[in-house]
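With compact mmCIF, C-alpha atoms inside, this is start38.txt:
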```txt
# COMPACT_ATOMS: atom_id res chain seq x y z
CA MET A 1 70.84 123.84 88.63
CA ASN A 2 73.98 124.82 86.77
CA MET A 3 73.76 123.73 83.19
CA HIS A 4 76.45 124.24 80.63
CA PRO A 5 75.07 126.50 77.88
CA ARG A 6 76.20 123.98 75.30
CA ALA A 7 73.89 121.37 76.83
CA LEU A 8 70.99 123.16 75.14
CA GLU A 9 72.47 122.18 71.77
CA HIS A 10 71.62 118.56 72.53
CA ALA A 11 68.00 118.43 73.63
CA TYR A 12 67.37 114.81 72.54
CA SER A 13 68.66 111.75 74.35
CA THR A 14 69.31 109.84 71.13
CA LEU A 15 72.05 111.35 69.05
CA ASP A 16 73.08 110.52 65.51
CA HIS A 17 76.56 111.92 65.96
CA VAL A 18 79.33 112.25 68.50
CA ILE A 19 79.09 115.48 70.49
CA PRO A 20 82.10 117.59 69.57
CA ASN A 21 84.24 118.53 72.59
CA GLU A 22 81.96 116.52 74.84
CA SER A 23 84.30 117.02 77.80
CA GLU A 24 83.06 120.62 78.00
CA LEU A 25 79.67 119.25 79.01
CA THR A 26 80.83 116.44 81.27
CA ALA A 27 83.96 117.88 82.90
CA GLY A 28 83.75 121.59 82.13
CA VAL A 29 87.02 121.59 80.24
CA ARG A 30 87.88 121.72 76.55
CA ILE A 31 90.67 119.30 75.68
CA GLU A 32 93.35 120.91 73.56
CA ALA A 33 96.78 119.64 72.59
CA GLY A 34 99.69 121.36 74.30
CA ARG A 35 97.96 121.73 77.65
CA SER A 36 98.49 119.69 80.79
CA TYR A 37 95.66 117.42 81.95
CA GLY A 38 95.27 115.10 84.89
CA PHE A 39 93.12 113.70 87.66
CA PHE A 40 92.33 115.08 91.08
CA THR A 41 91.12 112.20 93.26
CA ASP A 42 89.34 113.39 96.40
CA THR A 43 89.36 110.27 98.59
CA THR A 44 87.01 111.82 101.14
CA VAL A 45 84.06 111.40 98.76
CA CYS A 46 85.01 108.00 97.31
CA ILE A 47 82.29 105.45 98.11
CA GLY A 48 84.18 102.44 96.74
CA CYS A 49 81.58 101.68 94.05
CA LYS A 50 84.30 100.66 91.55
CA ALA A 51 82.46 102.33 88.67
CA CYS A 52 85.87 103.70 87.64
CA GLU A 53 87.38 100.20 87.51
CA VAL A 54 84.50 98.93 85.40
CA ALA A 55 84.46 101.95 83.08
CA CYS A 56 88.22 101.60 82.56
CA LYS A 57 87.98 97.90 81.73
CA GLU A 58 84.97 98.49 79.51
CA TRP A 59 86.51 101.28 77.45
CA ASN A 60 89.98 99.77 77.22
CA ASN A 61 88.70 96.24 76.59
CA LEU A 62 90.68 94.91 79.56
CA PRO A 63 89.97 91.43 80.93
CA ALA A 64 89.06 90.84 84.55
CA ASP A 65 92.05 89.40 86.39
CA ASN A 66 92.84 87.99 89.81
CA ILE A 67 89.93 85.59 89.66
CA GLY A 68 89.00 84.28 93.06
CA LEU A 69 88.76 85.76 96.52
CA THR A 70 91.60 88.01 97.62
CA GLY A 71 90.58 87.89 101.26
CA GLN A 72 91.05 91.67 101.37
CA SER A 73 87.58 92.85 102.39
CA PHE A 74 85.78 94.30 99.36
CA ASP A 75 88.89 94.48 97.21
CA ASN A 76 88.76 92.03 94.33
CA THR A 77 91.36 93.45 91.95
CA GLY A 78 94.07 93.53 94.62
CA ALA A 79 96.49 95.89 92.94
CA LEU A 80 97.19 97.79 89.75
CA SER A 81 98.38 95.43 87.03
CA ALA A 82 98.72 95.05 83.28
CA ASN A 83 94.99 94.36 83.15
CA SER A 84 93.71 96.59 85.97
CA TRP A 85 94.54 100.25 85.37
CA ARG A 86 92.28 101.51 88.15
CA HIS A 87 92.25 99.94 91.58
CA VAL A 88 89.95 100.95 94.40
CA ALA A 89 91.73 100.42 97.70
CA PHE A 90 89.61 99.59 100.74
CA VAL A 91 91.30 100.46 104.02
CA GLU A 92 89.29 99.40 107.04
CA LYS A 93 90.06 101.24 110.25
CA SER A 94 88.39 102.64 113.29
CA GLY A 95 87.54 106.29 112.72
CA ALA A 96 89.04 108.18 109.84
CA ASN A 97 91.18 110.98 111.23
CA GLY A 98 88.46 113.51 111.86
CA LEU A 99 85.85 112.15 109.50
CA ARG A 100 83.19 110.36 111.50
CA GLY A 101 85.72 110.14 114.34
CA GLY A 102 84.04 108.83 117.49
CA GLN A 103 80.68 108.72 115.75
CA ASP A 104 80.86 105.18 114.46
CA GLN A 105 78.38 102.66 115.72
CA LYS A 106 79.91 99.78 117.61
CA PHE A 107 79.28 97.36 114.80
CA GLN A 108 80.67 99.65 112.13
CA SER A 109 84.19 100.29 110.92
CA GLY A 110 85.61 103.36 109.31
CA TRP A 111 86.61 103.01 105.69
CA LEU A 112 89.17 104.87 103.69
CA MET A 113 88.65 104.29 100.00
CA MET A 114 90.85 105.50 97.20
CA SER A 115 90.83 104.89 93.47
CA ASP A 116 94.48 104.39 92.60
CA VAL A 117 95.82 104.96 89.09
CA CYS A 118 99.00 105.79 87.18
CA LYS A 119 100.23 109.16 88.45
CA HIS A 120 101.46 110.39 85.04
CA CYS A 121 104.51 111.92 86.77
CA HIS A 122 105.96 115.15 85.42
CA ASN A 123 109.45 113.56 85.42
CA ALA A 124 108.28 110.02 84.77
CA PRO A 125 110.87 107.41 85.89
CA CYS A 126 109.29 104.72 83.68
CA LEU A 127 109.83 106.93 80.65
CA GLU A 128 113.44 107.58 81.66
CA ALA A 129 114.10 103.85 82.07
CA CYS A 130 112.57 102.81 78.75
CA PRO A 131 115.40 101.87 76.34
CA THR A 132 113.22 101.77 73.21
CA GLY A 133 111.31 105.02 73.60
CA ALA A 134 108.02 103.14 73.80
CA LEU A 135 106.98 105.29 76.74
CA PHE A 136 106.41 108.87 75.72
CA LYS A 137 104.79 112.14 76.83
CA THR A 138 101.69 112.91 74.86
CA GLU A 139 100.49 116.30 73.70
CA PHE A 140 98.24 116.29 76.79
CA ASP A 141 101.25 115.91 79.17
CA THR A 142 100.37 112.32 80.00
CA VAL A 143 102.57 109.22 79.84
CA VAL A 144 101.60 106.44 77.43
CA VAL A 145 103.17 103.14 76.27
CA GLN A 146 103.34 102.67 72.50
CA GLN A 147 102.55 98.99 72.15
CA ASP A 148 104.20 98.51 68.77
CA ILE A 149 107.53 99.80 70.12
CA CYS A 150 107.55 98.15 73.57
CA ASN A 151 109.87 95.13 73.55
CA GLY A 152 108.78 93.88 76.96
CA CYS A 153 112.17 94.34 78.65
CA GLY A 154 110.41 95.38 81.86
CA TYR A 155 112.91 98.07 82.89
CA CYS A 156 110.00 100.42 83.53
CA VAL A 157 108.49 98.09 86.15
CA PRO A 158 111.09 98.56 88.91
CA ALA A 159 111.64 102.18 87.83
CA CYS A 160 108.10 103.21 88.79
CA PRO A 161 108.16 104.32 92.45
CA PHE A 162 104.42 103.68 92.74
CA GLY A 163 104.40 100.10 91.36
CA VAL A 164 101.95 101.04 88.64
CA ILE A 165 103.31 99.70 85.36
CA ASP A 166 103.28 95.96 84.71
CA VAL A 167 104.29 93.60 81.93
CA SER A 168 101.52 91.33 80.67
CA THR A 169 102.24 87.62 80.81
CA VAL A 170 100.09 87.13 77.70
CA ASP A 171 101.47 89.62 75.18
CA GLY A 172 104.77 90.33 76.96
CA LYS A 173 104.41 94.11 76.76
CA ALA A 174 104.15 96.82 79.40
CA HIS A 175 100.69 98.18 80.11
CA LYS A 176 99.30 100.97 82.25
CA CYS A 177 96.69 103.71 82.30
CA THR A 178 96.85 105.90 79.20
CA LEU A 179 94.64 108.56 80.81
CA CYS A 180 92.32 107.50 77.95
CA TYR A 181 94.62 108.95 75.31
CA ASP A 182 92.23 107.90 72.55
CA ARG A 183 89.30 109.59 74.31
CA LEU A 184 91.26 112.79 74.90
CA LYS A 185 92.08 112.94 71.19
CA GLY A 186 88.34 112.68 70.51
CA GLY A 187 87.47 115.44 72.99
CA LEU A 188 86.07 113.01 75.55
CA GLU A 189 86.63 112.96 79.30
CA PRO A 190 88.49 109.81 80.52
CA ALA A 191 86.10 106.94 81.20
CA CYS A 192 86.83 106.61 84.94
CA ALA A 193 86.27 110.29 85.72
CA LYS A 194 83.11 110.38 83.63
CA SER A 195 81.66 107.37 85.43
CA CYS A 196 82.48 108.53 88.99
CA PRO A 197 79.10 109.17 90.67
CA THR A 198 80.49 111.30 93.51
CA ASP A 199 83.08 113.24 91.50
CA SER A 200 85.80 111.72 93.64
CA ILE A 201 87.77 111.49 90.40
CA GLN A 202 87.86 114.85 88.70
CA PHE A 203 89.41 115.37 85.30
CA GLY A 204 90.62 118.72 84.08
CA GLU A 205 93.46 121.02 83.27
CA LEU A 206 96.13 120.53 85.90
CA SER A 207 96.40 124.16 87.03
CA ASP A 208 92.61 124.32 87.55
CA LEU A 209 92.58 121.02 89.41
CA GLN A 210 95.38 122.10 91.75
CA ILE A 211 93.46 125.28 92.65
CA ARG A 212 90.25 123.28 93.14
CA ALA A 213 92.07 120.77 95.34
CA ALA A 214 93.66 123.49 97.50
CA GLU A 215 90.19 125.00 98.02
CA ARG A 216 88.81 121.60 98.97
CA VAL A 217 91.58 121.09 101.56
CA GLU A 218 90.86 124.55 102.98
CA HIS A 219 87.15 123.70 103.19
CA LEU A 220 87.87 120.40 104.95
CA HIS A 221 90.17 122.13 107.44
CA GLY A 222 87.37 124.63 108.04
CA ILE A 223 84.92 121.89 108.99
CA GLY A 224 87.38 120.20 111.31
CA VAL A 225 89.12 117.64 109.12
CA ASP A 226 92.60 118.88 109.92
CA SER A 227 94.21 115.73 108.58
CA ALA A 228 93.32 116.55 104.95
CA TYR A 229 96.27 117.24 102.69
CA LEU A 230 97.28 116.90 99.06
CA TYR A 231 99.56 114.18 97.74
CA GLY A 232 101.35 114.88 94.46
CA THR A 233 100.97 118.63 94.02
CA PRO A 234 104.19 120.67 93.71
CA GLY A 235 106.02 120.76 97.05
CA ALA A 236 103.60 118.32 98.69
CA PRO A 237 104.25 114.72 99.78
CA GLY A 238 104.34 112.43 96.76
CA ALA A 239 106.02 115.04 94.57
CA THR A 240 109.41 114.40 96.13
CA GLY A 241 112.69 113.07 94.73
CA ASP A 242 112.68 115.24 91.58
CA LEU A 243 109.37 113.83 90.35
CA GLY A 244 108.23 117.43 89.94
CA HIS A 245 104.52 116.92 90.36
CA LEU A 246 102.01 114.18 89.68
CA ASN A 247 99.38 114.77 87.00
CA ALA A 248 97.13 112.37 88.93
CA PHE A 249 97.18 113.62 92.49
CA PHE A 250 95.16 112.82 95.60
CA LEU A 251 93.51 114.37 98.62
CA LEU A 252 94.25 112.10 101.57
CA ILE A 253 93.31 112.16 105.25
CA ASP A 254 95.84 109.64 106.56
CA ARG A 255 99.50 108.83 106.00
CA PRO A 256 100.30 107.88 102.38
CA GLU A 257 101.39 104.38 103.47
CA VAL A 258 97.86 103.69 104.73
CA TYR A 259 96.68 104.03 101.12
CA ASN A 260 99.62 101.95 99.84
CA LEU A 261 101.33 105.06 98.47
CA PRO A 262 105.04 105.74 99.09
CA ALA A 263 105.70 108.57 101.58
CA ALA A 264 108.62 109.98 99.61
CA PRO A 265 108.88 108.52 96.09
CA THR A 266 112.05 109.26 94.15
CA ARG A 267 113.40 109.00 90.61
CA PRO A 268 115.77 106.02 90.34
CA ALA A 269 117.84 108.20 87.96
CA ASN A 270 118.85 110.26 91.01
CA ARG A 271 120.77 107.26 92.28
CA VAL A 272 122.80 106.68 89.11
CA ALA A 273 125.57 109.22 89.87
CA PRO A 274 126.05 108.15 93.53
CA SER A 275 126.02 104.48 92.48
CA LEU A 276 128.60 105.11 89.76
CA ALA A 277 130.78 107.12 92.14
CA THR A 278 130.54 104.39 94.77
CA GLY A 279 131.49 101.75 92.22
CA LEU A 280 134.47 103.73 90.96
CA ALA A 281 135.60 104.47 94.52
CA THR A 282 135.39 100.76 95.34
CA VAL A 283 137.47 99.82 92.28
CA ALA A 284 140.07 102.45 93.20
CA ALA A 285 140.19 101.26 96.82
CA LEU A 286 140.62 97.61 95.76
CA ALA A 287 143.36 98.57 93.30
CA LEU A 288 145.16 100.52 96.01
CA ALA A 289 144.81 97.67 98.51
CA SER A 290 146.14 95.10 96.04
CA ALA A 291 149.05 97.41 95.18
CA PHE A 292 150.01 97.51 98.86
CA LEU A 293 149.45 93.79 99.44
CA PHE A 294 151.20 92.44 96.39
CA ALA A 295 153.91 95.04 95.91
CA PRO A 296 157.45 93.62 96.43
CA GLN A 297 158.65 94.18 100.01
CA ARG A 298 161.89 96.00 100.76
CA GLY A 299 164.81 93.62 100.35
CA GLU A 300 162.80 91.19 98.21
CA ARG A 301 163.93 90.53 94.68
CA PRO A 302 161.33 91.66 92.16
CA MET B 1 94.17 72.56 73.82
CA THR B 2 93.28 75.13 71.16
CA TYR B 3 89.84 76.15 70.00
CA VAL B 4 88.54 78.11 67.03
CA LYS B 5 86.04 80.95 66.77
CA GLU B 6 84.84 82.90 63.74
CA GLY B 7 83.31 86.32 63.67
CA VAL B 8 83.86 90.01 63.15
CA VAL B 9 86.38 92.14 65.05
CA THR B 10 84.26 94.84 66.63
CA ILE B 11 86.59 96.58 69.13
CA VAL B 12 90.37 96.91 69.15
CA GLN B 13 92.48 98.35 71.96
CA GLU B 14 96.25 97.81 71.81
CA SER B 15 96.68 94.01 71.52
CA ARG B 16 93.19 93.27 72.84
CA PHE B 17 90.18 92.82 70.63
CA GLN B 18 86.56 91.85 70.82
CA LEU B 19 85.21 89.28 68.39
CA THR B 20 81.46 89.12 67.82
CA ASP B 21 80.42 85.68 66.60
CA ASP B 22 77.49 84.69 64.39
CA ASN B 23 75.19 84.41 67.41
CA GLY B 24 75.94 87.99 68.38
CA VAL B 25 77.98 86.93 71.40
CA SER B 26 81.13 88.97 72.00
CA HIS B 27 84.39 87.45 73.22
CA LEU B 28 87.44 89.25 74.57
CA PHE B 29 90.77 88.16 73.10
CA LEU B 30 94.34 89.03 73.99
CA LEU B 31 96.93 88.57 71.29
CA ASP B 32 99.56 86.10 72.42
CA ARG B 33 103.20 87.19 72.34
CA ASN B 34 103.90 84.41 69.81
CA ALA B 35 100.74 84.92 67.80
CA ALA B 36 100.81 84.86 64.02
CA ALA B 37 99.56 88.46 63.96
CA GLU B 38 100.67 91.88 65.12
CA PRO B 39 98.63 94.31 67.22
CA ALA B 40 98.96 96.87 64.43
CA GLN B 41 97.10 94.50 62.09
CA LEU B 42 94.01 94.42 64.30
CA ALA B 43 92.77 97.98 63.80
CA PRO B 44 92.39 97.60 59.98
CA LEU B 45 90.42 94.38 60.56
CA GLN B 46 88.05 96.28 62.84
CA ALA B 47 87.76 99.16 60.38
CA ARG B 48 86.92 96.76 57.54
CA GLN B 49 84.57 94.72 59.73
CA ALA B 50 86.32 91.75 58.19
CA ARG B 51 85.41 88.19 59.06
CA VAL B 52 88.22 86.33 60.78
CA ARG B 53 88.99 82.94 62.26
CA VAL B 54 90.75 83.03 65.61
CA THR B 55 92.62 80.08 67.10
CA TYR B 56 92.76 80.49 70.84
CA GLU B 57 93.34 79.02 74.27
CA PRO B 58 91.68 79.99 77.56
CA ALA B 59 93.75 82.44 79.62
CA ARG B 60 95.04 81.63 83.10
CA ASN B 61 93.58 83.79 85.89
CA LEU B 62 91.91 86.09 83.36
CA ILE B 63 88.39 86.32 82.01
CA GLY B 64 89.57 86.43 78.44
CA LEU B 65 90.94 84.25 75.66
CA VAL B 66 94.49 84.13 74.33
CA ALA B 67 94.54 84.39 70.53
CA ARG B 68 97.24 82.22 68.93
CA SER B 69 96.41 83.18 65.36
CA VAL B 70 94.02 85.48 63.53
CA ARG B 71 93.28 84.55 59.93
CA LEU B 72 91.31 86.64 57.49
CA LEU B 73 88.60 84.56 55.87
CA PRO B 74 88.24 84.82 52.09
CA PRO B 75 85.12 86.63 50.84
CA SER B 76 83.56 83.32 49.73
CA GLN B 77 83.46 82.13 53.33
CA ALA B 78 82.13 85.42 54.61
CA ARG B 79 78.42 85.57 55.28
```
As structure tokens, how would this structure be written, given the file I've shared?
Amino acid sequence: MNMHPRALEHAYSTLDHVIPNESELTAGVRIEAGRSYGFFTDTTVCIGCKACEVACKEWNNLPADNIGLTGQSFDNTGALSANSWRHVAFVEKSGANGLRGGQDQKFQSGWLMMSDVCKHCHNAPCLEACPTGALFKTEFDTVVVQQDICNGCGYCVPACPFGVIDVSTVDGKAHKCTLCYDRLKGGLEPACAKSCPTDSIQFGELSDLQIRAAERVEHLHGIGVDSAYLYGTPGAPGATGDLGHLNAFFLLIDRPEVYNLPAAPTRPANRVAPSLATGLATVAALALASAFLFAPQRGERP
Amino acid sequence: MTYVKEGVVTIVQESRFQLTDDNGVSHLFLLDRNAAAEPAQLAPLQARQARVRVTYEPARNLIGLVARSVRLLPPSQAR
């Protein structure tokens, strides 16, 4: 069994202090300001236990929402919201593109499960849309809303191409995953990744995660899961439209839309210049048309 | 319909806080947008383990309570 050498420093199960740089023991990474951190979510090993959802709500003191039955199989949170910063999607389908394909029992369905979260985009559209500067990039290259600055205008909500950020109806401010900013500052792994029993959610330094994910895709291709690909790494689907890359990226085995992810997300800011040009061209065309229509005809007295 | 609870603020996250009452039961509150308190005022209350009185209403479609006001109780009323 691989044990981190630092684990020997803590031989007792009851501790009278917080373990410094605990993430070294739990995620194998030391959290330092100025580096880029994120999540790699391998959906092929997600079992839909929702430990991530619970850990997120527990640590962030978030209330349960969407009370009642959604009618969507095992999904009770429904979607990401101001109070649900992790959402486990349950996609029921026959076979799973190579995984268990043709091996299902007649009474069984195939399940695709994915723990969705804020993608902490490199070029975050929510941050670009925020007029007050409440959304900012942290020293860990994550995107966080400063609650005391947010004025609840909601511009960030339509700006997000993934539909992540939401304005709370109770406090009127925008809320989303902070990638456990407070835990990172304390040297702790984010709650969702720490609680994941299958390591479907892996936390780490982005460059390491991207290498690990590429190796995982190669391994899956090697065992016959040709449909495996990455969503959100540089140059891959999900990192389109000038988003750069996503700090929370995914390994998928079906089309992004199946997981309720956009196939080609874009920055709304990309559409500002064409929209402005179209508007100006329209004004010019209308001015020209009116000049022709209402100009005095030859022979008419002005 | 508003209700009142007294206790100690034990956890604060953004505008959400947990109040532990005299029976040791914890309740999750969300600060209302029109509340007579600011989210920034919650963290010092938690740090001081101060006793407070919270006026609240049940939240719609949430398992939580909406805090309308948070008042610091004078030391004489503190246990």
> Residues at most 12 Å from Gln41 of chain B, counting all atoms listed in the file, excluding those fewer than 2 positions away in the same chain, as a VMD selection string?
Replying inline: (chain A and resid 148) or (chain B and resid 9 12 to 17 31 35 to 39 43 to 48 50 69 to 72)
Distance filter 12 Å, all atoms listed in the file, chain A against chain B, as an mmCIF file with C-alpha atoms, in the coordinates of the input:
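Printed below is selection_6.cif as written:
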```cif
data_model
loop_
_atom_site.group_PDB
_atom_site.id
_atom_site.type_symbol
_atom_site.label_atom_id
_atom_site.label_comp_id
_atom_site.auth_asym_id
_atom_site.auth_seq_id
_atom_site.Cartn_x
_atom_site.Cartn_y
_atom_site.Cartn_z
ATOM 1 C CA CYS A 56 88.220 101.600 82.560
ATOM 2 C CA LYS A 57 87.980 97.900 81.730
ATOM 3 C CA GLU A 58 84.970 98.490 79.510
ATOM 4 C CA TRP A 59 86.510 101.280 77.450
ATOM 5 C CA ASN A 60 89.980 99.770 77.220
ATOM 6 C CA ASN A 61 88.700 96.240 76.590
ATOM 7 C CA LEU A 62 90.680 94.910 79.560
ATOM 8 C CA PRO A 63 89.970 91.430 80.930
ATOM 9 C CA ALA A 64 89.060 90.840 84.550
ATOM 10 C CA ASP A 65 92.050 89.400 86.390
ATOM 11 C CA ASN A 66 92.840 87.990 89.810
ATOM 12 C CA ILE A 67 89.930 85.590 89.660
ATOM 13 C CA GLY A 68 89.000 84.280 93.060
ATOM 14 C CA LEU A 69 88.760 85.760 96.520
ATOM 15 C CA THR A 77 91.360 93.450 91.950
ATOM 16 C CA SER A 81 98.380 95.430 87.030
ATOM 17 C CA ALA A 82 98.720 95.050 83.280
ATOM 18 C CA ASN A 83 94.990 94.360 83.150
ATOM 19 C CA SER A 84 93.710 96.590 85.970
ATOM 20 C CA VAL A 144 101.600 106.440 77.430
ATOM 21 C CA VAL A 145 103.170 103.140 76.270
ATOM 22 C CA GLN A 146 103.340 102.670 72.500
ATOM 23 C CA GLN A 147 102.550 98.990 72.150
ATOM 24 C CA ASP A 148 104.200 98.510 68.770
ATOM 25 C CA ILE A 149 107.530 99.800 70.120
ATOM 26 C CA CYS A 150 107.550 98.150 73.570
ATOM 27 C CA ASN A 151 109.870 95.130 73.550
ATOM 28 C CA GLY A 152 108.780 93.880 76.960
ATOM 29 C CA VAL A 167 104.290 93.600 81.930
ATOM 30 C CA SER A 168 101.520 91.330 80.670
ATOM 31 C CA THR A 169 102.240 87.620 80.810
ATOM 32 C CA VAL A 170 100.090 87.130 77.700
ATOM 33 C CA ASP A 171 101.470 89.620 75.180
ATOM 34 C CA GLY A 172 104.770 90.330 76.960
ATOM 35 C CA LYS A 173 104.410 94.110 76.760
ATOM 36 C CA ALA A 174 104.150 96.820 79.400
ATOM 37 C CA HIS A 175 100.690 98.180 80.110
ATOM 38 C CA LYS A 176 99.300 100.970 82.250
ATOM 39 C CA THR A 178 96.850 105.900 79.200
ATOM 40 C CA CYS A 180 92.320 107.500 77.950
ATOM 41 C CA TYR A 181 94.620 108.950 75.310
ATOM 42 C CA ASP A 182 92.230 107.900 72.550
ATOM 43 C CA ARG A 183 89.300 109.590 74.310
#
```
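Note that the spacing between atom CA of Gly71 of chain A and atom CA of Ile47 of chain A amounts to 19.7 Å.
Remark: for Trp85 of chain A, the closest of the candidate residues A:Thr44, A:Cys49, A:Ile165, A:Ala33 is A:Ile165 (distances computed over only C-alpha atoms).
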> Distance atom CA of His245 of chain A-atom CA of Glu92 of chain A, one decimal place?
Replying inline: 28.6 Å
> Hey, what's within 6 Å of Pro125 of chain A if we count only C-alpha atoms and toss same-chain stuff fewer than 6 positions away? As a ChimeraX atom specification, please?
Replying inline: /A:159-160,267
>> Set the distance at 9 Å and use all atoms listed in the file: which residues neighbour Ala239 of chain A once local chain neighbours fewer than 5 positions away are removed? I'd like the list as a count of residues only.
In response: 11
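Between atom CA of Pro58 of chain B and atom CA of Thr2 of chain B the interatomic distance comes to 8.2 Å.
With all atoms listed in the file taken into account, the protein and nucleic acid residues at most 8 Å from Tyr3 of chain B (excluding it and anything under 4 positions from it in its own chain) are B:Thr55, B:Tyr56, B:Glu57.
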With C-alpha atoms retained, export the selected residues as a short mmCIF file (atom, residue, chain, number, x, y, z; two decimals), keeping the file's coordinate frame.
```cif
data_model
loop_
_atom_site.label_atom_id
_atom_site.label_comp_id
_atom_site.auth_asym_id
_atom_site.auth_seq_id
_atom_site.Cartn_x
_atom_site.Cartn_y
_atom_site.Cartn_z
CA THR B 55 92.62 80.08 67.10
CA TYR B 56 92.76 80.49 70.84
CA GLU B 57 93.34 79.02 74.27
#
```
Return segment 169-186 of chain A, completed with N, CA and C atoms, as a compact mmCIF listing (two decimals), in the frame of the given file.
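Ended up saving to part.txt:
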```
# COMPACT_ATOMS: atom_id res chain seq x y z
N THR A 169 101.69 88.96 81.05
CA THR A 169 102.24 87.62 80.81
C THR A 169 101.71 87.04 79.50
N VAL A 170 100.67 87.66 78.95
CA VAL A 170 100.09 87.13 77.70
C VAL A 170 100.81 87.71 76.48
N ASP A 171 100.85 89.04 76.38
CA ASP A 171 101.47 89.62 75.18
C ASP A 171 102.91 90.08 75.41
N GLY A 172 103.37 90.01 76.67
CA GLY A 172 104.77 90.33 76.96
C GLY A 172 105.12 91.79 76.83
N LYS A 173 104.14 92.67 76.88
CA LYS A 173 104.41 94.11 76.76
C LYS A 173 103.94 94.83 78.01
N ALA A 174 104.50 96.03 78.22
CA ALA A 174 104.15 96.82 79.40
C ALA A 174 102.81 97.52 79.17
N HIS A 175 102.00 97.53 80.21
CA HIS A 175 100.69 98.18 80.11
C HIS A 175 100.44 99.02 81.34
N LYS A 176 99.74 100.11 81.15
CA LYS A 176 99.30 100.97 82.25
C LYS A 176 98.25 101.93 81.73
N CYS A 177 97.70 102.70 82.66
CA CYS A 177 96.69 103.71 82.30
C CYS A 177 97.25 104.66 81.25
N THR A 178 96.44 104.95 80.24
CA THR A 178 96.85 105.90 79.20
C THR A 178 96.19 107.26 79.41
N LEU A 179 95.52 107.42 80.54
CA LEU A 179 94.64 108.56 80.81
C LEU A 179 93.69 108.72 79.61
N CYS A 180 93.23 107.56 79.11
CA CYS A 180 92.32 107.50 77.95
C CYS A 180 92.79 108.41 76.82
N TYR A 181 94.02 108.13 76.37
CA TYR A 181 94.62 108.95 75.31
C TYR A 181 93.71 109.04 74.08
N ASP A 182 93.10 107.89 73.72
CA ASP A 182 92.23 107.90 72.55
C ASP A 182 90.99 108.77 72.78
N ARG A 183 90.47 108.76 74.00
CA ARG A 183 89.30 109.59 74.31
C ARG A 183 89.67 111.08 74.31
N LEU A 184 90.83 111.39 74.86
CA LEU A 184 91.26 112.79 74.90
C LEU A 184 91.38 113.34 73.47
N LYS A 185 91.92 112.49 72.58
CA LYS A 185 92.08 112.94 71.19
C LYS A 185 90.72 113.20 70.54
N GLY A 186 89.70 112.49 71.04
CA GLY A 186 88.34 112.68 70.51
C GLY A 186 87.54 113.71 71.29
```
